[in-house]
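To keep things clear, I will list the structure first and then write my remarks on it.
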Amino acid sequence: RLTVSGLDIPVGMKNPTSGDMRVMLDSVYAGQKPHVFIYNRWEVSTDGNPLVHCVVRGAVDRYGNHVPNYHYEDMAALASMYDERGLANPAIIVDTNHSNSAKRFREQPRIAMEVVRSMAQSETLRRMVKGFMIESFIEEGAQAADGKEFGKSITDPCLGWEDSERLVMVLADAV
C-alpha cells in the first residue's frame with residue numbers, strides 16, 4: 001500500500017482470500033493517499049496513486065470451498081461500496097480464474113461472458129468494470145515447475161493460445 005502510493009501506474013488490489021471487500025477497498029484507499037515512511041533507511045514521501053483499483057478474485061470459505069464474487073449481486077454491492085467511499089477513478093477488474101472459477105481454468109470464458117451480461121444490465125457496472133484478468137499462455141494447462149514443455153505454465157493452469165484468442169474476439173464483439 002505504501003509503495004503503491006508512490007507509483008504513477010495503475011495497480012490492482014485483490015480482495016483477500018477471505019473475500020472481505022472492505023479490506024480490498026481499504027487497500028485502494030491507502031494506495032490512493034499520500035504517505036511518508038522509511039524504506040531501506042531512507043525517508044520516502046509519496047503523493048498517492050489515483051489509479052489504484054479493485055481486482056475481484058473470489059474467496060475461500062472456512063471449509064476450503066471456493067466462493068465466487070463476480071456475479072451481478074456481488075459486483076453491484078462492490079460498486080455501491082466503491083461509490084460510498086468516494087474513491088478516485090473507480091475501476092474493477094474481474095479475475096476469471098482462482099476462486100472465481102474454483103481453479104477450473106476452462107470456466108474463464110463463461111465467467112467473462114456472465115460479467116459482460118451483468119454490465120449490459122447496469123450502467124454502474126458498465127462504468128466501473130474495466131477488464132478481466134485471464135490466466136492464459138501458449139499451451140493449455142500447466143506442468144510441474146521442473147517441466148520441460150515449451151509454452152506451458154509452471155504455475156496456474158491456463159487457457160491456451162487458441163482459446164485465449166477466441167475469448168478476446170468474443171469479448172471485443174460483446175462490448
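Here's how to read the names in the C-alpha cells: chain A, B, ... by the order shown, residue numbers from 1 in each chain, ligand numbers from 1 in the order shown.
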Enumerate, in order of chain and increasing residue number, the residues of range 18-39 of chain A with an atom no farther than 12 Å from range 92-115 of chain A, each with its shortest atom pair and distance in Å to one decimal, counting only C-alpha atoms, as CSV.
residue,atom,partner,partner_atom,distance
A:Ser18,CA,A:Ser99,CA,10.6
A:Gly19,CA,A:Ser99,CA,9.7
A:Met21,CA,A:Ile92,CA,11.8
A:Met24,CA,A:Ile92,CA,11.1
A:Leu25,CA,A:Ile92,CA,10.9
A:Val28,CA,A:Ile92,CA,11.1
Alpha helix (DSSP H) positions in chain A, given as an mmCIF file with N, CA, C and O atoms, in the first residue's frame:
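out18.cif written:
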data_model
loop_
_atom_site.group_PDB
_atom_site.id
_atom_site.type_symbol
_atom_site.label_atom_id
_atom_site.label_comp_id
_atom_site.auth_asym_id
_atom_site.auth_seq_id
_atom_site.Cartn_x
_atom_site.Cartn_y
_atom_site.Cartn_z
ATOM 1 N N MET A 21 -14.564 -7.597 0.992
ATOM 2 C CA MET A 21 -14.432 -6.479 0.054
ATOM 3 C C MET A 21 -13.959 -5.200 0.750
ATOM 4 O O MET A 21 -13.301 -4.372 0.134
ATOM 5 N N ARG A 22 -14.294 -5.053 2.028
ATOM 6 C CA ARG A 22 -13.865 -3.851 2.754
ATOM 7 C C ARG A 22 -12.344 -3.785 2.853
ATOM 8 O O ARG A 22 -11.771 -2.709 2.744
ATOM 9 N N VAL A 23 -11.708 -4.937 3.071
ATOM 10 C CA VAL A 23 -10.243 -4.966 3.153
ATOM 11 C C VAL A 23 -9.639 -4.515 1.829
ATOM 12 O O VAL A 23 -8.679 -3.737 1.799
ATOM 13 N N MET A 24 -10.215 -4.993 0.714
ATOM 14 C CA MET A 24 -9.723 -4.587 -0.600
ATOM 15 C C MET A 24 -9.905 -3.076 -0.793
ATOM 16 O O MET A 24 -8.982 -2.389 -1.253
ATOM 17 N N LEU A 25 -11.064 -2.562 -0.449
ATOM 18 C CA LEU A 25 -11.305 -1.132 -0.600
ATOM 19 C C LEU A 25 -10.420 -0.309 0.327
ATOM 20 O O LEU A 25 -9.990 0.793 -0.039
ATOM 21 N N ASP A 26 -10.112 -0.832 1.522
ATOM 22 C CA ASP A 26 -9.163 -0.152 2.410
ATOM 23 C C ASP A 26 -7.792 -0.065 1.741
ATOM 24 O O ASP A 26 -7.095 0.945 1.863
ATOM 25 N N SER A 27 -7.403 -1.126 1.037
ATOM 26 C CA SER A 27 -6.120 -1.125 0.318
ATOM 27 C C SER A 27 -6.119 -0.087 -0.790
ATOM 28 O O SER A 27 -5.126 0.615 -0.995
ATOM 29 N N VAL A 28 -7.223 0.005 -1.514
ATOM 30 C CA VAL A 28 -7.335 1.011 -2.578
ATOM 31 C C VAL A 28 -7.238 2.407 -1.963
ATOM 32 O O VAL A 28 -6.493 3.257 -2.456
ATOM 33 N N TYR A 29 -7.965 2.621 -0.881
ATOM 34 C CA TYR A 29 -7.933 3.915 -0.196
ATOM 35 C C TYR A 29 -6.501 4.266 0.220
ATOM 36 O O TYR A 29 -6.018 5.379 -0.045
ATOM 37 N N ALA A 30 -5.818 3.319 0.861
ATOM 38 C CA ALA A 30 -4.450 3.573 1.333
ATOM 39 C C ALA A 30 -3.516 3.864 0.160
ATOM 40 O O ALA A 30 -2.661 4.755 0.248
ATOM 41 N N GLY A 31 -3.667 3.135 -0.929
ATOM 42 C CA GLY A 31 -2.814 3.352 -2.092
ATOM 43 C C GLY A 31 -3.053 4.694 -2.765
ATOM 44 O O GLY A 31 -2.156 5.248 -3.399
ATOM 45 N N GLN A 32 -4.271 5.214 -2.622
ATOM 46 C CA GLN A 32 -4.586 6.493 -3.255
ATOM 47 C C GLN A 32 -4.182 7.704 -2.407
ATOM 48 O O GLN A 32 -4.206 8.829 -2.889
ATOM 49 N N TYR A 72 -23.635 -10.800 -10.579
ATOM 50 C CA TYR A 72 -24.235 -9.468 -10.632
ATOM 51 C C TYR A 72 -24.373 -8.848 -9.244
ATOM 52 O O TYR A 72 -23.972 -7.697 -9.020
ATOM 53 N N GLU A 73 -24.934 -9.604 -8.305
ATOM 54 C CA GLU A 73 -25.182 -9.066 -6.962
ATOM 55 C C GLU A 73 -23.873 -8.678 -6.268
ATOM 56 O O GLU A 73 -23.817 -7.657 -5.579
ATOM 57 N N ASP A 74 -22.845 -9.485 -6.450
ATOM 58 C CA ASP A 74 -21.549 -9.178 -5.838
ATOM 59 C C ASP A 74 -20.954 -7.902 -6.428
ATOM 60 O O ASP A 74 -20.450 -7.041 -5.700
ATOM 61 N N MET A 75 -20.996 -7.813 -7.752
ATOM 62 C CA MET A 75 -20.422 -6.651 -8.426
ATOM 63 C C MET A 75 -21.208 -5.381 -8.092
ATOM 64 O O MET A 75 -20.612 -4.320 -7.889
ATOM 65 N N ALA A 76 -22.528 -5.490 -8.028
ATOM 66 C CA ALA A 76 -23.353 -4.329 -7.686
ATOM 67 C C ALA A 76 -23.056 -3.862 -6.260
ATOM 68 O O ALA A 76 -22.960 -2.656 -6.000
ATOM 69 N N ALA A 77 -22.890 -4.803 -5.339
ATOM 70 C CA ALA A 77 -22.568 -4.442 -3.956
ATOM 71 C C ALA A 77 -21.206 -3.764 -3.888
ATOM 72 O O ALA A 77 -21.038 -2.756 -3.188
ATOM 73 N N LEU A 78 -20.222 -4.292 -4.603
ATOM 74 C CA LEU A 78 -18.894 -3.676 -4.615
ATOM 75 C C LEU A 78 -18.961 -2.273 -5.217
ATOM 76 O O LEU A 78 -18.363 -1.333 -4.680
ATOM 77 N N ALA A 79 -19.690 -2.114 -6.300
ATOM 78 C CA ALA A 79 -19.825 -0.793 -6.930
ATOM 79 C C ALA A 79 -20.444 0.206 -5.951
ATOM 80 O O ALA A 79 -19.993 1.356 -5.853
ATOM 81 N N SER A 80 -21.424 -0.236 -5.202
ATOM 82 C CA SER A 80 -22.064 0.632 -4.214
ATOM 83 C C SER A 80 -21.081 1.013 -3.102
ATOM 84 O O SER A 80 -20.997 2.176 -2.702
ATOM 85 N N MET A 81 -20.310 0.033 -2.621
ATOM 86 C CA MET A 81 -19.313 0.307 -1.587
ATOM 87 C C MET A 81 -18.243 1.271 -2.112
ATOM 88 O O MET A 81 -17.788 2.163 -1.388
ATOM 89 N N TYR A 82 -17.867 1.087 -3.358
ATOM 90 C CA TYR A 82 -16.876 1.968 -4.001
ATOM 91 C C TYR A 82 -17.401 3.403 -4.009
ATOM 92 O O TYR A 82 -16.705 4.339 -3.616
ATOM 93 N N ASP A 83 -18.651 3.559 -4.470
ATOM 94 C CA ASP A 83 -19.252 4.892 -4.549
ATOM 95 C C ASP A 83 -19.367 5.544 -3.169
ATOM 96 O O ASP A 83 -19.120 6.741 -3.017
ATOM 97 N N GLU A 84 -19.748 4.757 -2.153
ATOM 98 C CA GLU A 84 -19.898 5.297 -0.796
ATOM 99 C C GLU A 84 -18.592 5.872 -0.271
ATOM 100 O O GLU A 84 -18.598 6.840 0.481
ATOM 101 N N ARG A 85 -17.478 5.300 -0.660
ATOM 102 C CA ARG A 85 -16.175 5.761 -0.172
ATOM 103 C C ARG A 85 -15.640 6.947 -0.958
ATOM 104 O O ARG A 85 -14.688 7.583 -0.531
ATOM 105 N N GLN A 108 -13.160 -19.871 -17.480
ATOM 106 C CA GLN A 108 -12.901 -18.441 -17.631
ATOM 107 C C GLN A 108 -13.740 -17.761 -18.717
ATOM 108 O O GLN A 108 -14.275 -16.670 -18.465
ATOM 109 N N PRO A 109 -13.891 -18.345 -19.897
ATOM 110 C CA PRO A 109 -14.735 -17.677 -20.900
ATOM 111 C C PRO A 109 -16.188 -17.514 -20.439
ATOM 112 O O PRO A 109 -16.790 -16.451 -20.642
ATOM 113 N N ARG A 110 -16.742 -18.521 -19.795
ATOM 114 C CA ARG A 110 -18.126 -18.435 -19.310
ATOM 115 C C ARG A 110 -18.258 -17.322 -18.278
ATOM 116 O O ARG A 110 -19.208 -16.527 -18.308
ATOM 117 N N ILE A 111 -17.285 -17.232 -17.374
ATOM 118 C CA ILE A 111 -17.322 -16.206 -16.327
ATOM 119 C C ILE A 111 -17.223 -14.816 -16.943
ATOM 120 O O ILE A 111 -17.986 -13.907 -16.580
ATOM 121 N N ALA A 112 -16.309 -14.635 -17.882
ATOM 122 C CA ALA A 112 -16.171 -13.330 -18.539
ATOM 123 C C ALA A 112 -17.478 -12.930 -19.220
ATOM 124 O O ALA A 112 -17.913 -11.777 -19.125
ATOM 125 N N MET A 113 -18.125 -13.871 -19.891
ATOM 126 C CA MET A 113 -19.377 -13.552 -20.581
ATOM 127 C C MET A 113 -20.498 -13.252 -19.593
ATOM 128 O O MET A 113 -21.353 -12.408 -19.867
ATOM 129 N N GLU A 114 -20.507 -13.906 -18.445
ATOM 130 C CA GLU A 114 -21.514 -13.572 -17.433
ATOM 131 C C GLU A 114 -21.323 -12.141 -16.951
ATOM 132 O O GLU A 114 -22.300 -11.399 -16.775
ATOM 133 N N VAL A 115 -20.080 -11.722 -16.760
ATOM 134 C CA VAL A 115 -19.819 -10.347 -16.335
ATOM 135 C C VAL A 115 -20.259 -9.368 -17.423
ATOM 136 O O VAL A 115 -20.861 -8.331 -17.124
ATOM 137 N N VAL A 116 -20.009 -9.695 -18.668
ATOM 138 C CA VAL A 116 -20.453 -8.833 -19.775
ATOM 139 C C VAL A 116 -21.977 -8.710 -19.762
ATOM 140 O O VAL A 116 -22.519 -7.614 -19.949
ATOM 141 N N ARG A 117 -22.679 -9.816 -19.510
ATOM 142 C CA ARG A 117 -24.156 -9.747 -19.418
ATOM 143 C C ARG A 117 -24.593 -8.877 -18.239
ATOM 144 O O ARG A 117 -25.561 -8.123 -18.337
ATOM 145 N N SER A 118 -23.880 -8.959 -17.131
ATOM 146 C CA SER A 118 -24.186 -8.102 -15.979
ATOM 147 C C SER A 118 -23.970 -6.640 -16.322
ATOM 148 O O SER A 118 -24.770 -5.773 -15.938
ATOM 149 N N MET A 119 -22.917 -6.362 -17.051
ATOM 150 C CA MET A 119 -22.638 -4.986 -17.464
ATOM 151 C C MET A 119 -23.756 -4.446 -18.357
ATOM 152 O O MET A 119 -24.085 -3.259 -18.289
ATOM 153 N N ALA A 120 -24.340 -5.304 -19.160
ATOM 154 C CA ALA A 120 -25.432 -4.876 -20.038
ATOM 155 C C ALA A 120 -26.668 -4.471 -19.244
ATOM 156 O O ALA A 120 -27.504 -3.715 -19.736
ATOM 157 N N GLN A 121 -26.764 -4.956 -18.008
ATOM 158 C CA GLN A 121 -27.928 -4.673 -17.164
ATOM 159 C C GLN A 121 -27.725 -3.485 -16.231
ATOM 160 O O GLN A 121 -28.670 -3.068 -15.565
ATOM 161 N N GLU A 123 -25.714 0.370 -15.780
ATOM 162 C CA GLU A 123 -24.844 1.477 -16.192
ATOM 163 C C GLU A 123 -23.659 1.610 -15.243
ATOM 164 O O GLU A 123 -22.532 1.881 -15.668
ATOM 165 N N THR A 124 -23.895 1.397 -13.959
ATOM 166 C CA THR A 124 -22.814 1.485 -12.975
ATOM 167 C C THR A 124 -21.732 0.457 -13.260
ATOM 168 O O THR A 124 -20.541 0.772 -13.235
ATOM 169 N N LEU A 125 -22.134 -0.782 -13.543
ATOM 170 C CA LEU A 125 -21.141 -1.813 -13.848
ATOM 171 C C LEU A 125 -20.446 -1.527 -15.176
ATOM 172 O O LEU A 125 -19.235 -1.758 -15.297
ATOM 173 N N ARG A 126 -21.171 -1.003 -16.153
ATOM 174 C CA ARG A 126 -20.530 -0.633 -17.432
ATOM 175 C C ARG A 126 -19.450 0.413 -17.199
ATOM 176 O O ARG A 126 -18.413 0.403 -17.850
ATOM 177 N N ARG A 127 -19.700 1.310 -16.266
ATOM 178 C CA ARG A 127 -18.744 2.376 -15.960
ATOM 179 C C ARG A 127 -17.550 1.847 -15.166
ATOM 180 O O ARG A 127 -16.420 2.267 -15.393
ATOM 181 N N MET A 128 -17.779 0.927 -14.250
ATOM 182 C CA MET A 128 -16.724 0.509 -13.324
ATOM 183 C C MET A 128 -15.903 -0.696 -13.775
ATOM 184 O O MET A 128 -14.719 -0.766 -13.471
ATOM 185 N N TRP A 161 -3.419 -20.648 -26.337
ATOM 186 C CA TRP A 161 -3.450 -19.519 -27.258
ATOM 187 C C TRP A 161 -4.759 -19.433 -28.035
ATOM 188 O O TRP A 161 -5.372 -18.374 -28.111
ATOM 189 N N GLU A 162 -5.203 -20.539 -28.619
ATOM 190 C CA GLU A 162 -6.406 -20.502 -29.462
ATOM 191 C C GLU A 162 -7.642 -20.102 -28.659
ATOM 192 O O GLU A 162 -8.431 -19.262 -29.101
ATOM 193 N N ASP A 163 -7.824 -20.698 -27.478
ATOM 194 C CA ASP A 163 -8.980 -20.345 -26.654
ATOM 195 C C ASP A 163 -8.885 -18.904 -26.164
ATOM 196 O O ASP A 163 -9.901 -18.205 -26.067
ATOM 197 N N SER A 164 -7.684 -18.448 -25.858
ATOM 198 C CA SER A 164 -7.499 -17.060 -25.418
ATOM 199 C C SER A 164 -7.847 -16.087 -26.538
ATOM 200 O O SER A 164 -8.546 -15.093 -26.320
ATOM 201 N N GLU A 165 -7.371 -16.388 -27.737
ATOM 202 C CA GLU A 165 -7.661 -15.534 -28.883
ATOM 203 C C GLU A 165 -9.169 -15.479 -29.148
ATOM 204 O O GLU A 165 -9.733 -14.407 -29.359
ATOM 205 N N ARG A 166 -9.805 -16.640 -29.108
ATOM 206 C CA ARG A 166 -11.254 -16.703 -29.328
ATOM 207 C C ARG A 166 -11.991 -15.877 -28.280
ATOM 208 O O ARG A 166 -12.907 -15.109 -28.596
ATOM 209 N N LEU A 167 -11.589 -15.987 -27.012
ATOM 210 C CA LEU A 167 -12.231 -15.233 -25.941
ATOM 211 C C LEU A 167 -12.065 -13.730 -26.143
ATOM 212 O O LEU A 167 -13.024 -12.967 -25.996
ATOM 213 N N VAL A 168 -10.874 -13.292 -26.485
ATOM 214 C CA VAL A 168 -10.641 -11.859 -26.704
ATOM 215 C C VAL A 168 -11.535 -11.341 -27.831
ATOM 216 O O VAL A 168 -12.131 -10.257 -27.719
ATOM 217 N N MET A 169 -11.671 -12.116 -28.897
ATOM 218 C CA MET A 169 -12.509 -11.694 -30.030
ATOM 219 C C MET A 169 -13.984 -11.634 -29.619
ATOM 220 O O MET A 169 -14.698 -10.687 -29.995
ATOM 221 N N VAL A 170 -14.439 -12.617 -28.883
ATOM 222 C CA VAL A 170 -15.841 -12.630 -28.425
ATOM 223 C C VAL A 170 -16.098 -11.450 -27.489
ATOM 224 O O VAL A 170 -17.126 -10.765 -27.612
ATOM 225 N N LEU A 171 -15.167 -11.184 -26.570
ATOM 226 C CA LEU A 171 -15.319 -10.046 -25.681
ATOM 227 C C LEU A 171 -15.335 -8.719 -26.436
ATOM 228 O O LEU A 171 -16.128 -7.831 -26.134
ATOM 229 N N ALA A 172 -14.476 -8.603 -27.434
ATOM 230 C CA ALA A 172 -14.437 -7.368 -28.228
ATOM 231 C C ALA A 172 -15.762 -7.126 -28.939
ATOM 232 O O ALA A 172 -16.242 -5.991 -28.992
ATOM 233 N N ASP A 173 -16.364 -8.189 -29.439
ATOM 234 C CA ASP A 173 -17.664 -8.057 -30.106
ATOM 235 C C ASP A 173 -18.782 -7.763 -29.110
ATOM 236 O O ASP A 173 -19.764 -7.095 -29.455
ATOM 237 N N ALA A 174 -18.634 -8.252 -27.865
ATOM 238 C CA ALA A 174 -19.696 -8.126 -26.867
ATOM 239 C C ALA A 174 -19.757 -6.749 -26.217
ATOM 240 O O ALA A 174 -20.796 -6.346 -25.727
#
- Message: Applying 12 Å and only C-alpha atoms, which residues near range 39-42 of chain A remain after dropping the ones on its own chain fewer than 3 positions away? List them as a list in words.
- Response: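 The contact residues come out as Leu2, Thr3, His35, Val36, Ser45 and Thr46 of chain A.
Between CA of Lys148 in chain A and CA of Ile134 in chain A the interatomic distance comes to 23.3 Å.
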- Point-to-point distance from CA of Val55 in chain A to CA of Pro34 in chain A, Å rounded to tenths: 21.5 Å
- Query: What is the CA of Asn65 in chain A to CA of Asn15 in chain A distance in Å?
  - Reply: 16.1 Å
- Item | Pick from A:Lys33, A:Asn89, A:Thr17, A:Leu159 nearest to Gly58 in chain A, counting only C-alpha atoms |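 For Gly58 in chain A, the nearest of the candidates is A:Thr17.
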- Would you please work out which residue, of A:Asn49, A:Gly86, A:Cys54, A:Ile138, is nearest to Gly12 in chain A when using only C-alpha atoms?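 Of A:Asn49, A:Gly86, A:Cys54, A:Ile138, the one nearest Gly12 in chain A is A:Cys54, counting only C-alpha atoms.
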- Task: Go through A:Lys152, A:Arg57, A:Arg62, A:Lys14 and flag the residue nearest Ser136 in chain A, using only C-alpha atoms for the distances.
- Result: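 For Ser136 in chain A, the nearest of the given residues is A:Lys152.
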- Message: From a backbone DSSP assignment, name each residue in range 61-108 of chain A labelled strand (DSSP E or B), as JSON, numbers by chain.
- Response: {"A": [66, 67, 92, 93, 94, 95]}
Write a file of the selected residues as a PDB file, in the first residue's frame, keeping C-alpha atoms.
ATOM      1  CA  HIS A  66     -14.338 -21.660  -3.423  1.00  0.00           C
ATOM      2  CA  VAL A  67     -16.806 -18.770  -3.324  1.00  0.00           C
ATOM      3  CA  ILE A  92     -12.968  -3.155 -11.147  1.00  0.00           C
ATOM      4  CA  ILE A  93     -11.002  -5.912 -12.852  1.00  0.00           C
ATOM      5  CA  VAL A  94     -12.518  -9.406 -12.681  1.00  0.00           C
ATOM      6  CA  ASP A  95     -10.059 -12.253 -12.173  1.00  0.00           C
TER       7      ASP A  95
END
Quick one: everything within 7 Å of Ala142 in chain A, counting only C-alpha atoms, minus sequence neighbours fewer than 2 positions away in the same chain. Send it as a PDB file with N, CA and C atoms, in the first residue's frame.
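Ended up saving to result25.pdb:
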ATOM      1  N   GLU A 140      -2.255 -24.901 -23.409  1.00  0.00           N
ATOM      2  CA  GLU A 140      -3.267 -25.071 -22.366  1.00  0.00           C
ATOM      3  C   GLU A 140      -2.718 -25.888 -21.194  1.00  0.00           C
ATOM      4  N   LYS A 152       4.125 -23.915 -21.750  1.00  0.00           N
ATOM      5  CA  LYS A 152       3.123 -24.356 -20.781  1.00  0.00           C
ATOM      6  C   LYS A 152       3.468 -23.798 -19.411  1.00  0.00           C
ATOM      7  N   SER A 153       2.481 -23.256 -18.740  1.00  0.00           N
ATOM      8  CA  SER A 153       2.651 -22.635 -17.434  1.00  0.00           C
ATOM      9  C   SER A 153       3.255 -23.603 -16.422  1.00  0.00           C
ATOM     10  N   ILE A 154       4.069 -23.047 -15.524  1.00  0.00           N
ATOM     11  CA  ILE A 154       4.566 -23.835 -14.400  1.00  0.00           C
ATOM     12  C   ILE A 154       3.896 -23.372 -13.098  1.00  0.00           C
ATOM     13  N   THR A 155       2.880 -22.521 -13.218  1.00  0.00           N
ATOM     14  CA  THR A 155       2.129 -22.088 -12.037  1.00  0.00           C
ATOM     15  C   THR A 155       0.682 -22.530 -12.208  1.00  0.00           C
ATOM     16  N   ASP A 156      -0.240 -21.584 -12.368  1.00  0.00           N
ATOM     17  CA  ASP A 156      -1.653 -21.934 -12.514  1.00  0.00           C
ATOM     18  C   ASP A 156      -1.944 -22.467 -13.907  1.00  0.00           C
ATOM     19  N   PRO A 157      -2.876 -23.420 -14.021  1.00  0.00           N
ATOM     20  CA  PRO A 157      -3.297 -23.862 -15.359  1.00  0.00           C
ATOM     21  C   PRO A 157      -3.913 -22.695 -16.132  1.00  0.00           C
ATOM     22  N   CYS A 158      -3.647 -22.673 -17.436  1.00  0.00           N
ATOM     23  CA  CYS A 158      -4.043 -21.550 -18.281  1.00  0.00           C
ATOM     24  C   CYS A 158      -4.828 -22.007 -19.494  1.00  0.00           C
TER      25      CYS A 158
END
- Rank nothing, just name the residue among A:Ala144, A:Phe132, A:Glu43, A:Val52 nearest to Arg1 in chain A, using only C-alpha atoms. A:Val52
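The nearest approach to Ala88 in chain A among the residues A:Glu149, A:Phe37, A:Pro10, A:Gln143, with only C-alpha atoms taken into account, belongs to A:Pro10.
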